[in-house]
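S.K.: One file: protein_27.txt (compact mmCIF, C-alpha atoms and all ligand atoms).
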# COMPACT_ATOMS: atom_id res chain seq x y z
CA MET A 1 -17.00 16.49 -2.92
CA LYS A 2 -20.24 16.86 -0.99
CA LYS A 3 -21.11 14.48 1.82
CA LYS A 4 -22.86 11.44 0.42
CA LYS A 5 -25.48 9.08 1.80
CA GLY A 6 -23.57 5.85 1.51
CA ARG A 7 -21.38 3.84 -0.78
CA ILE A 8 -22.22 1.99 -3.96
CA LEU A 9 -20.15 -0.72 -5.54
CA THR A 10 -21.21 -2.41 -8.73
CA GLY A 11 -19.74 -3.18 -12.11
CA ASP A 12 -19.42 -5.39 -15.14
CA ARG A 13 -17.24 -8.03 -16.67
CA PRO A 14 -15.26 -6.67 -19.58
CA THR A 15 -16.45 -9.08 -22.25
CA GLY A 16 -17.48 -6.55 -24.90
CA LYS A 17 -19.87 -3.69 -25.48
CA LEU A 18 -22.66 -2.87 -23.01
CA HIS A 19 -26.26 -3.01 -24.23
CA LEU A 20 -29.66 -1.58 -23.29
CA GLY A 21 -30.22 -4.45 -20.84
CA HIS A 22 -27.17 -3.31 -18.86
CA TYR A 23 -28.38 0.26 -19.04
CA ALA A 24 -31.94 -0.42 -17.90
CA GLY A 25 -30.90 -2.96 -15.27
CA SER A 26 -28.23 -0.98 -13.49
CA LEU A 27 -26.28 1.64 -15.42
CA ALA A 28 -29.10 4.22 -15.51
CA ASN A 29 -29.44 3.87 -11.74
CA ARG A 30 -25.72 4.38 -11.25
CA VAL A 31 -25.72 7.54 -13.33
CA GLN A 32 -28.55 8.92 -11.26
CA LEU A 33 -27.26 7.82 -7.86
CA GLN A 34 -23.64 8.88 -8.31
CA TYR A 35 -24.40 12.36 -6.93
CA ASP A 36 -25.91 10.97 -3.72
CA TYR A 37 -23.70 7.93 -3.16
CA ASP A 38 -19.94 7.59 -3.20
CA THR A 39 -19.87 5.27 -6.21
CA PHE A 40 -17.24 2.66 -7.09
CA LEU A 41 -17.52 0.92 -10.46
CA ILE A 42 -15.50 -2.24 -10.86
CA ILE A 43 -14.39 -3.47 -14.27
CA ALA A 44 -14.23 -7.12 -13.26
CA ASP A 45 -11.47 -8.48 -15.47
CA VAL A 46 -10.60 -11.33 -13.10
CA GLN A 47 -14.22 -12.42 -13.19
CA ALA A 48 -14.12 -12.26 -16.99
CA LEU A 49 -11.20 -14.70 -16.85
CA THR A 50 -13.40 -17.29 -15.09
CA THR A 51 -14.92 -18.00 -18.50
CA ASN A 52 -12.50 -16.32 -20.95
CA PHE A 53 -9.19 -17.47 -19.51
CA ALA A 54 -8.01 -18.74 -22.89
CA GLU A 55 -8.13 -15.26 -24.48
CA PRO A 56 -6.69 -12.85 -21.92
CA GLU A 57 -5.32 -10.71 -24.74
CA ASN A 58 -8.83 -9.32 -25.36
CA LEU A 59 -9.03 -7.77 -21.92
CA ALA A 60 -6.92 -4.68 -22.67
CA ARG A 61 -9.42 -3.66 -25.34
CA ASP A 62 -12.54 -4.75 -23.44
CA VAL A 63 -11.58 -3.00 -20.18
CA ARG A 64 -11.40 0.28 -22.12
CA GLN A 65 -14.61 -0.51 -23.96
CA VAL A 66 -16.51 -0.81 -20.67
CA ALA A 67 -14.91 2.38 -19.35
CA LEU A 68 -15.97 4.17 -22.52
CA ASP A 69 -19.54 2.86 -22.22
CA TYR A 70 -19.69 4.10 -18.61
CA LEU A 71 -18.43 7.55 -19.53
CA ALA A 72 -20.72 7.75 -22.56
CA ALA A 73 -23.71 6.73 -20.43
CA GLY A 74 -23.08 9.69 -18.15
CA ILE A 75 -20.87 8.37 -15.39
CA ASP A 76 -18.98 11.43 -14.20
CA PRO A 77 -15.37 10.62 -13.28
CA LYS A 78 -15.39 13.50 -10.80
CA GLU A 79 -18.17 11.79 -8.84
CA THR A 80 -17.43 8.13 -9.47
CA THR A 81 -14.39 5.92 -8.99
CA ILE A 82 -13.94 3.58 -11.97
CA PHE A 83 -11.27 0.92 -11.41
CA VAL A 84 -9.85 -2.35 -12.67
CA GLN A 85 -10.35 -5.42 -10.46
CA SER A 86 -7.05 -7.20 -11.13
CA MET A 87 -5.05 -4.09 -10.25
CA VAL A 88 -6.40 -4.02 -6.69
CA PRO A 89 -4.54 -6.96 -5.11
CA GLU A 90 -6.36 -6.41 -1.80
CA ILE A 91 -9.49 -7.85 -3.47
CA ALA A 92 -7.61 -11.07 -4.26
CA GLU A 93 -6.30 -11.17 -0.71
CA LEU A 94 -9.77 -10.77 0.78
CA THR A 95 -11.09 -13.44 -1.59
CA VAL A 96 -8.65 -15.96 -0.10
CA PHE A 97 -9.67 -15.17 3.49
CA LEU A 98 -13.39 -15.33 2.64
CA SER A 99 -12.97 -18.60 0.77
CA MET A 100 -12.34 -20.40 4.09
CA LEU A 101 -15.83 -19.48 5.24
CA THR A 102 -17.83 -21.00 2.40
CA THR A 103 -18.50 -24.57 1.36
CA VAL A 104 -18.29 -25.94 -2.14
CA ASN A 105 -21.86 -27.20 -1.88
CA VAL A 106 -23.31 -23.78 -1.23
CA LEU A 107 -21.55 -22.49 -4.33
CA ARG A 108 -22.77 -25.43 -6.41
CA HIS A 109 -26.36 -24.57 -5.53
CA ASN A 110 -26.11 -20.88 -6.42
CA PRO A 111 -28.83 -20.43 -9.10
CA THR A 112 -26.81 -17.98 -11.21
CA ILE A 113 -23.77 -20.28 -11.20
CA LYS A 114 -26.02 -23.18 -12.19
CA SER A 115 -27.70 -21.39 -15.08
CA GLU A 116 -24.44 -19.91 -16.40
CA ALA A 117 -22.75 -23.32 -16.23
CA ALA A 118 -25.70 -24.91 -18.07
CA GLN A 119 -25.78 -22.16 -20.70
CA ARG A 120 -22.07 -22.64 -21.39
CA GLY A 121 -22.29 -26.41 -21.31
CA TYR A 122 -19.79 -26.73 -18.45
CA LYS A 123 -19.86 -30.17 -16.86
CA ASP A 124 -16.98 -29.89 -14.45
CA LEU A 125 -16.40 -26.39 -13.07
CA THR A 126 -13.06 -24.73 -12.53
CA TYR A 127 -12.19 -23.61 -9.02
CA GLY A 128 -12.19 -20.01 -10.27
CA PHE A 129 -15.61 -20.20 -11.92
CA LEU A 130 -17.27 -22.02 -9.02
CA GLY A 131 -15.73 -19.55 -6.60
CA TYR A 132 -16.46 -16.30 -8.36
CA PRO A 133 -19.30 -15.42 -5.93
CA VAL A 134 -16.62 -15.37 -3.20
CA SER A 135 -14.50 -13.04 -5.28
CA GLN A 136 -17.57 -10.89 -6.00
CA THR A 137 -18.19 -10.66 -2.25
CA ALA A 138 -14.65 -9.34 -1.90
CA ASP A 139 -15.34 -6.84 -4.73
CA ILE A 140 -18.25 -5.45 -2.74
CA THR A 141 -16.79 -5.59 0.75
CA PHE A 142 -13.20 -4.42 0.23
CA CYS A 143 -14.57 -0.86 0.04
CA LYS A 144 -17.42 -1.40 2.53
CA ALA A 145 -20.17 -0.72 0.02
CA ASN A 146 -23.70 -0.85 1.40
CA LEU A 147 -25.66 -0.62 -1.86
CA VAL A 148 -25.26 -2.68 -5.05
CA PRO A 149 -27.38 -1.63 -8.06
CA VAL A 150 -27.70 -4.76 -10.20
CA GLY A 151 -29.93 -6.62 -12.62
CA GLU A 152 -32.11 -9.55 -11.57
CA ASP A 153 -29.52 -12.24 -12.37
CA GLN A 154 -27.11 -10.86 -9.76
CA VAL A 155 -29.48 -11.03 -6.79
CA PRO A 156 -28.34 -14.52 -5.66
CA HIS A 157 -24.76 -13.21 -5.50
CA ILE A 158 -25.74 -10.32 -3.25
CA GLU A 159 -27.72 -12.65 -0.99
CA TYR A 160 -24.66 -14.88 -0.82
CA ALA A 161 -22.42 -11.91 -0.04
CA ARG A 162 -24.68 -10.91 2.87
CA LYS A 163 -24.37 -14.38 4.38
CA LEU A 164 -20.61 -14.45 3.97
CA VAL A 165 -20.26 -11.02 5.59
CA ARG A 166 -22.37 -12.12 8.54
CA ARG A 167 -20.22 -15.20 8.94
CA PHE A 168 -16.99 -13.21 8.85
CA ASN A 169 -18.21 -10.62 11.33
CA SER A 170 -19.70 -13.12 13.77
CA LEU A 171 -16.53 -15.21 13.77
CA TYR A 172 -13.86 -12.54 13.93
CA CYS A 173 -15.40 -9.31 15.15
CA PRO A 174 -18.85 -9.84 16.71
CA ASP A 175 -18.64 -6.65 18.75
CA ARG A 176 -17.38 -4.33 16.07
CA PRO A 177 -18.26 -5.60 12.58
CA VAL A 178 -15.51 -4.89 10.06
CA LEU A 179 -17.32 -5.87 6.86
CA VAL A 180 -20.57 -4.24 5.73
CA GLU A 181 -23.64 -6.23 4.68
CA PRO A 182 -24.60 -4.98 1.24
CA GLU A 183 -28.08 -4.57 -0.17
CA ALA A 184 -29.09 -5.16 -3.79
CA LEU A 185 -30.87 -2.35 -5.57
CA LEU A 186 -33.06 -3.46 -8.47
CA SER A 187 -34.18 -0.98 -11.09
CA ARG A 188 -37.67 -0.53 -12.52
CA VAL A 189 -36.54 -2.92 -15.30
CA PRO A 190 -34.45 -5.63 -13.60
CA ARG A 191 -34.46 -7.75 -16.75
CA LEU A 192 -34.93 -6.62 -20.34
CA VAL A 193 -36.26 -8.97 -23.05
CA GLY A 194 -34.23 -9.53 -26.20
CA LEU A 195 -35.18 -8.25 -29.65
CA ASP A 196 -36.12 -11.83 -30.58
CA GLY A 197 -38.54 -12.13 -27.67
CA ASN A 198 -36.08 -14.18 -25.58
CA ALA A 199 -36.41 -13.57 -21.84
CA LYS A 200 -33.07 -11.79 -21.67
CA MET A 201 -31.14 -9.37 -23.85
CA SER A 202 -27.67 -10.82 -24.18
CA LYS A 203 -24.63 -10.67 -26.36
CA SER A 204 -24.41 -14.43 -26.76
CA LEU A 205 -28.00 -14.63 -28.06
CA ASP A 206 -27.34 -11.84 -30.59
CA ASN A 207 -30.58 -10.09 -29.63
CA ALA A 208 -29.19 -6.88 -28.18
CA ILE A 209 -29.14 -3.17 -28.94
CA TYR A 210 -25.78 -1.75 -27.90
CA LEU A 211 -25.22 1.67 -26.40
CA CYS A 212 -22.74 2.38 -29.20
CA ASP A 213 -25.05 1.31 -32.06
CA GLU A 214 -25.71 3.83 -34.81
CA ALA A 215 -29.16 5.39 -35.27
CA ALA A 216 -29.85 3.72 -38.65
CA ASP A 217 -28.87 0.27 -37.32
CA ILE A 218 -31.23 0.68 -34.41
CA GLU A 219 -34.11 1.64 -36.69
CA GLU A 220 -33.49 -1.46 -38.75
CA ARG A 221 -33.14 -3.84 -35.81
CA VAL A 222 -36.29 -2.49 -34.18
CA ARG A 223 -38.15 -2.80 -37.50
CA ASN A 224 -37.22 -6.50 -37.64
CA ALA A 225 -38.08 -7.32 -34.02
CA VAL A 226 -40.93 -9.71 -33.19
CA THR A 227 -44.27 -8.30 -31.97
CA ASP A 228 -47.60 -9.82 -30.97
CA PRO A 229 -47.80 -12.81 -33.38
CA SER A 230 -51.62 -12.85 -33.36
CA ARG A 231 -51.82 -9.35 -34.76
CA ILE A 232 -51.93 -9.33 -38.54
CA ARG A 233 -53.76 -6.14 -39.53
CA LYS A 234 -53.45 -2.79 -37.85
CA THR A 235 -57.13 -2.93 -36.82
CA ASP A 236 -56.67 -6.27 -34.98
CA PRO A 237 -56.67 -5.63 -31.22
CA GLY A 238 -53.07 -6.07 -29.97
CA HIS A 239 -51.79 -7.73 -26.80
CA PRO A 240 -49.05 -5.41 -25.55
CA ASP A 241 -48.11 -7.70 -22.67
CA VAL A 242 -46.74 -10.34 -25.06
CA CYS A 243 -45.04 -7.80 -27.34
CA THR A 244 -41.30 -7.14 -27.22
CA ILE A 245 -41.70 -3.64 -28.62
CA TYR A 246 -44.21 -2.75 -25.94
CA ALA A 247 -41.80 -4.06 -23.28
CA TYR A 248 -39.25 -1.56 -24.58
CA HIS A 249 -41.80 1.26 -24.61
CA LYS A 250 -42.45 0.41 -20.98
CA ALA A 251 -38.74 0.46 -20.22
CA PHE A 252 -37.67 3.55 -22.16
CA ASN A 253 -40.76 5.51 -23.16
CA LEU A 254 -42.44 6.05 -19.83
CA GLU A 255 -44.36 9.11 -20.97
CA LEU A 256 -46.01 7.66 -24.07
CA GLU A 257 -46.39 4.10 -22.83
CA PRO A 258 -50.01 4.36 -21.58
CA GLU A 259 -51.12 5.98 -24.84
CA ILE A 260 -49.35 3.26 -26.84
CA ARG A 261 -50.93 0.50 -24.79
CA GLY A 262 -54.40 1.95 -25.43
CA ALA A 263 -53.78 2.47 -29.14
CA CYS A 264 -52.40 -1.06 -29.54
CA GLU A 265 -55.26 -2.72 -27.67
CA GLY A 266 -57.79 -0.64 -29.58
CA GLY A 267 -56.25 -1.47 -32.96
CA LYS A 268 -55.47 2.19 -33.59
CA ILE A 269 -51.71 2.07 -34.03
CA GLY A 270 -49.95 -0.37 -36.34
CA CYS A 271 -46.76 -2.22 -35.43
CA VAL A 272 -44.78 -0.29 -38.05
CA GLU A 273 -45.70 3.06 -36.51
CA CYS A 274 -45.18 1.73 -32.99
CA LYS A 275 -41.70 0.54 -33.91
CA LYS A 276 -40.83 3.87 -35.48
CA ARG A 277 -41.78 5.65 -32.29
CA LEU A 278 -39.69 3.24 -30.26
CA ALA A 279 -36.62 3.66 -32.48
CA THR A 280 -36.94 7.44 -32.14
CA CYS A 281 -37.22 7.16 -28.39
CA ILE A 282 -34.16 4.90 -28.09
CA ASN A 283 -32.17 7.15 -30.38
CA ASN A 284 -33.13 10.18 -28.28
CA LEU A 285 -31.82 8.33 -25.24
CA LEU A 286 -28.56 7.38 -26.95
CA GLU A 287 -27.88 10.69 -28.72
CA PRO A 288 -26.17 12.45 -25.80
CA MET A 289 -24.18 9.25 -25.19
CA ARG A 290 -22.89 9.42 -28.76
CA GLU A 291 -21.54 12.89 -28.16
CA ARG A 292 -19.74 11.92 -24.96
CA ARG A 293 -18.38 8.79 -26.63
CA GLU A 294 -16.96 10.92 -29.45
CA TYR A 295 -15.25 13.14 -26.90
CA TYR A 296 -13.54 10.24 -25.11
CA LEU A 297 -12.77 8.28 -28.29
CA LYS A 298 -10.60 11.21 -29.33
CA ARG A 299 -8.90 11.23 -25.91
CA PRO A 300 -7.84 7.66 -25.05
CA ASN A 301 -5.22 8.95 -22.61
CA GLU A 302 -7.90 10.72 -20.62
CA VAL A 303 -9.79 7.41 -20.32
CA ASP A 304 -6.63 5.64 -19.11
CA ASP A 305 -5.97 8.44 -16.61
CA ILE A 306 -9.49 8.05 -15.22
CA LEU A 307 -8.84 4.32 -14.73
CA ILE A 308 -5.45 4.91 -13.14
CA THR A 309 -6.77 7.53 -10.71
CA GLY A 310 -9.77 5.34 -9.87
CA THR A 311 -7.66 2.24 -9.33
CA ARG A 312 -5.31 4.15 -7.00
CA ARG A 313 -8.25 5.35 -4.95
CA ALA A 314 -9.68 1.80 -4.81
CA ARG A 315 -6.33 0.46 -3.59
CA LYS A 316 -6.26 3.02 -0.82
CA GLU A 317 -9.65 1.78 0.36
CA GLY A 318 -8.44 -1.80 0.01
CA ARG A 319 -5.36 -1.21 2.17
CA LYS A 320 -7.49 0.36 4.90
CA THR A 321 -10.05 -2.47 4.95
CA LEU A 322 -7.46 -5.24 4.73
CA ALA A 323 -5.58 -3.81 7.73
CA GLU A 324 -8.84 -4.08 9.69
CA VAL A 325 -9.52 -7.57 8.33
CA ARG A 326 -6.07 -8.78 9.41
CA GLU A 327 -6.48 -7.23 12.81
CA ALA A 328 -9.91 -8.85 13.27
CA MET A 329 -8.42 -12.21 12.26
CA SER A 330 -5.39 -11.70 14.53
CA ILE A 331 -3.02 -12.18 11.62
CA ASN A 332 -1.40 -8.75 11.81
CA TYR A 333 1.76 -10.29 13.33
CA PHE A 334 4.10 -7.39 12.75
CA LYS A 335 4.57 -4.30 10.64
CA ILE A 336 6.62 -4.68 7.51
N1 LIG B 1 -21.14 -10.42 -11.92
C1 LIG B 1 -21.35 -9.14 -12.51
C2 LIG B 1 -21.83 -9.37 -13.96
O1 LIG B 1 -21.59 -10.41 -14.52
C3 LIG B 1 -20.13 -8.25 -12.52
C4 LIG B 1 -19.59 -7.96 -11.14
C5 LIG B 1 -18.35 -8.28 -10.67
C6 LIG B 1 -20.26 -7.28 -10.09
N2 LIG B 1 -18.19 -7.87 -9.40
C7 LIG B 1 -19.33 -7.24 -9.01
C8 LIG B 1 -21.54 -6.73 -9.95
C9 LIG B 1 -19.69 -6.68 -7.77
C10 LIG B 1 -21.88 -6.16 -8.71
C11 LIG B 1 -20.96 -6.15 -7.64
O2 LIG B 1 -22.40 -8.48 -14.54
Written as structure tokens, how would this file's structure read?

M.R.:
Amino acid sequence: MKKKKGRILTGDRPTGKLHLGHYAGSLANRVQLQYDYDTFLIIADVQALTTNFAEPENLARDVRQVALDYLAAGIDPKETTIFVQSMVPEIAELTVFLSMLTTVNVLRHNPTIKSEAAQRGYKDLTYGFLGYPVSQTADITFCKANLVPVGEDQVPHIEYARKLVRRFNSLYCPDRPVLVEPEALLSRVPRLVGLDGNAKMSKSLDNAIYLCDEAADIEERVRNAVTDPSRIRKTDPGHPDVCTIYAYHKAFNLELEPEIRGACEGGKIGCVECKKRLATCINNLLEPMRERREYYLKRPNEVDDILITGTRRARKEGRKTLAEVREAMSINYFKI
């Protein structure tokens, strides 16, 4: 493997299929950066349990679903380490040590925790849910990642991780920092609107296009999406900045976007035509993914082997970092 510029860690909770919001927010960046950065992708099953603890039996399927979405999207297992969070016990160990350095109040005020809790109607929070930013800090730092490609909603967690790392290093190893302060990397599209015009594409709002959707389904869903409500006839001047379809052109159709903006504002292209062009563009993006998905769907053992190899490599990194963490904390009493 060629020498790389740095290390990336990022990932997803295995709670189902990945959609275009995931792709635009972070996955496209990962595919591109994997050749320049040593990339670790975490399938965060423990984090999924913070909300889905009552149905752990879904994880076996969902972990593989995320792996398949990664591979279909163009993650190359020769370049990238894909691994399962719960099978790297060093992450859990680091979470415990880091948890001493944070207060409950700071976690309570984390904006992403607050909005997720509100969205789910949680009144009292479990220890695991409230503390998942600590665990996410361990996800990032156990392998000393310096770059974290994420969507907009994850930025508070990276900010939090930076503070926790600084606290650890200044307390235990001020002269030779053991943990690395990570930086968030936002994409050109840090948040993608939903098909219904909602601010965010999300599974729970049922307004998503999934990477594994079929071409005909996508055409239909795009056809039914909301556009500029003040535009009734084709010749009415459109307002692309309030139109969901235009937002997708901007995200996925970089080349034609300026032409579409002009034609919409000038009343020269109708919404039907504009939607057709978008569906074609999305399907062109997804077509190569469909082929790779087919390949791996036929070879489930190969997918499992990729996860096993990746998880072993992640554990090796974890053992190295945790030895340094214990030494810095003076809790490496003896060798066993
Ligand atoms: N919280 C992320 C999400 O919900 C998933 C995640 C877990 C993650 N650990 C991470 C993202 C570490 C970046 C870095 O999508």

S.K.: Using only C-alpha atoms and all ligand atoms, determine which residues fall within 10 Å of ligand LIG 1 (chain B), then list them as an MDAnalysis selection string.

M.R.: chainID A and resid 8:15 22 26 40:48 85 112 132:141 145 147:151 153:155 157:158 161 182 184

S.K.: Within 8 Å of segment 217-233 of chain A, counting only C-alpha atoms, which residues qualify if same-chain residues fewer than 6 places away don't, as a PyMOL selection string?

M.R.: chain A and resi 195-197+209+239-240+242-245+270-272+275-276+278-280+283

S.K.: Using all atoms listed in the file, which of A:Glu324, A:Glu79, A:Gly128, A:Pro156 sits nearest Ser115 of chain A?

M.R.: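 Checking each candidate against Ser115 of chain A, we get A:Pro156 as the closest.
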
S.K.: Counting all atoms listed in the file, which of A:Thr235, A:Arg108, A:Val325, A:Ile308 gets nearest to Ile269 of chain A?

M.R.: A:Thr235

S.K.: Which residue is closest to Asp305 of chain A? Choose from A:Gln32, A:Phe53, A:Thr81, A:Gly16 and count only C-alpha atoms.

M.R.: A:Thr81

S.K.: Using all atoms listed in the file, pick whichever of A:Asn146, A:Ser99, A:Asn207, A:Asn52 has the shortest atom-to-atom distance to Tyr37 of chain A.

M.R.: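 Of all the options, A:Asn146 lies closest to Tyr37 of chain A.
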
S.K.: So, counting all atoms listed in the file, which residue among A:Ala24, A:Ser330, A:Asp124, A:Leu185 is closest to Asn253 of chain A?

M.R.: A:Ala24

S.K.: Would you work out the distance separating atom CA of Ala54 of chain A from atom CA of Ser202 of chain A, expressed in Å to one decimal?

M.R.: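 Calculated distance between atom CA of Ala54 of chain A and atom CA of Ser202 of chain A is 21.2 Å.
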
S.K.: Within 12 Å of (-11.5, 4.4, 3.1) (coordinates as in the file), grab all the protein and nucleic acid residues, counting all atoms listed in the file, and write them out as a PyMOL selection string.

M.R.: chain A and resi 7+38+40+141-145+312-324

S.K.: Using atom CA of Val31 of chain A and atom CA of Ala216 of chain A as the two end points, give the distance in Å to one decimal.

M.R.: 25.9 Å

S.K.: Could you please determine the separation between atom CA of Lys200 of chain A and atom CA of Gln119 of chain A in Å, to one decimal place?

M.R.: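 These two atoms are separated by 12.7 Å.
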
S.K.: I'd like to know which of A:Phe252, A:Tyr160, A:Tyr296, A:Tyr333 is closest to Tyr70 of chain A, using only C-alpha atoms.

M.R.: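 Closest to Tyr70 of chain A, using only C-alpha atoms: A:Tyr296.
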
S.K.: Can you list, as a PyMOL selection string, every protein, DNA or RNA residue that comes within 9 Å of Phe129 of chain A when you count all atoms listed in the file, leaving out same-chain residues fewer than 5 positions away?

M.R.: chain A and resi 47+49-51+113+117

S.K.: Set the distance at 7 Å and use all atoms listed in the file: which residues neighbour Glu265 of chain A once local chain neighbours fewer than 4 positions away are removed? I'd like the list as number ranges by chain.

M.R.: A: 237-239, 261

S.K.: When you look at Leu192 of chain A with a cut-off of 9 Å (counting all atoms listed in the file), what residues show up, excluding the ones that are within fewer than 4 positions of it in the same chain? I need them as a ChimeraX atom specification.

M.R.: /A:20-22,24-25,199-201,247-248,251
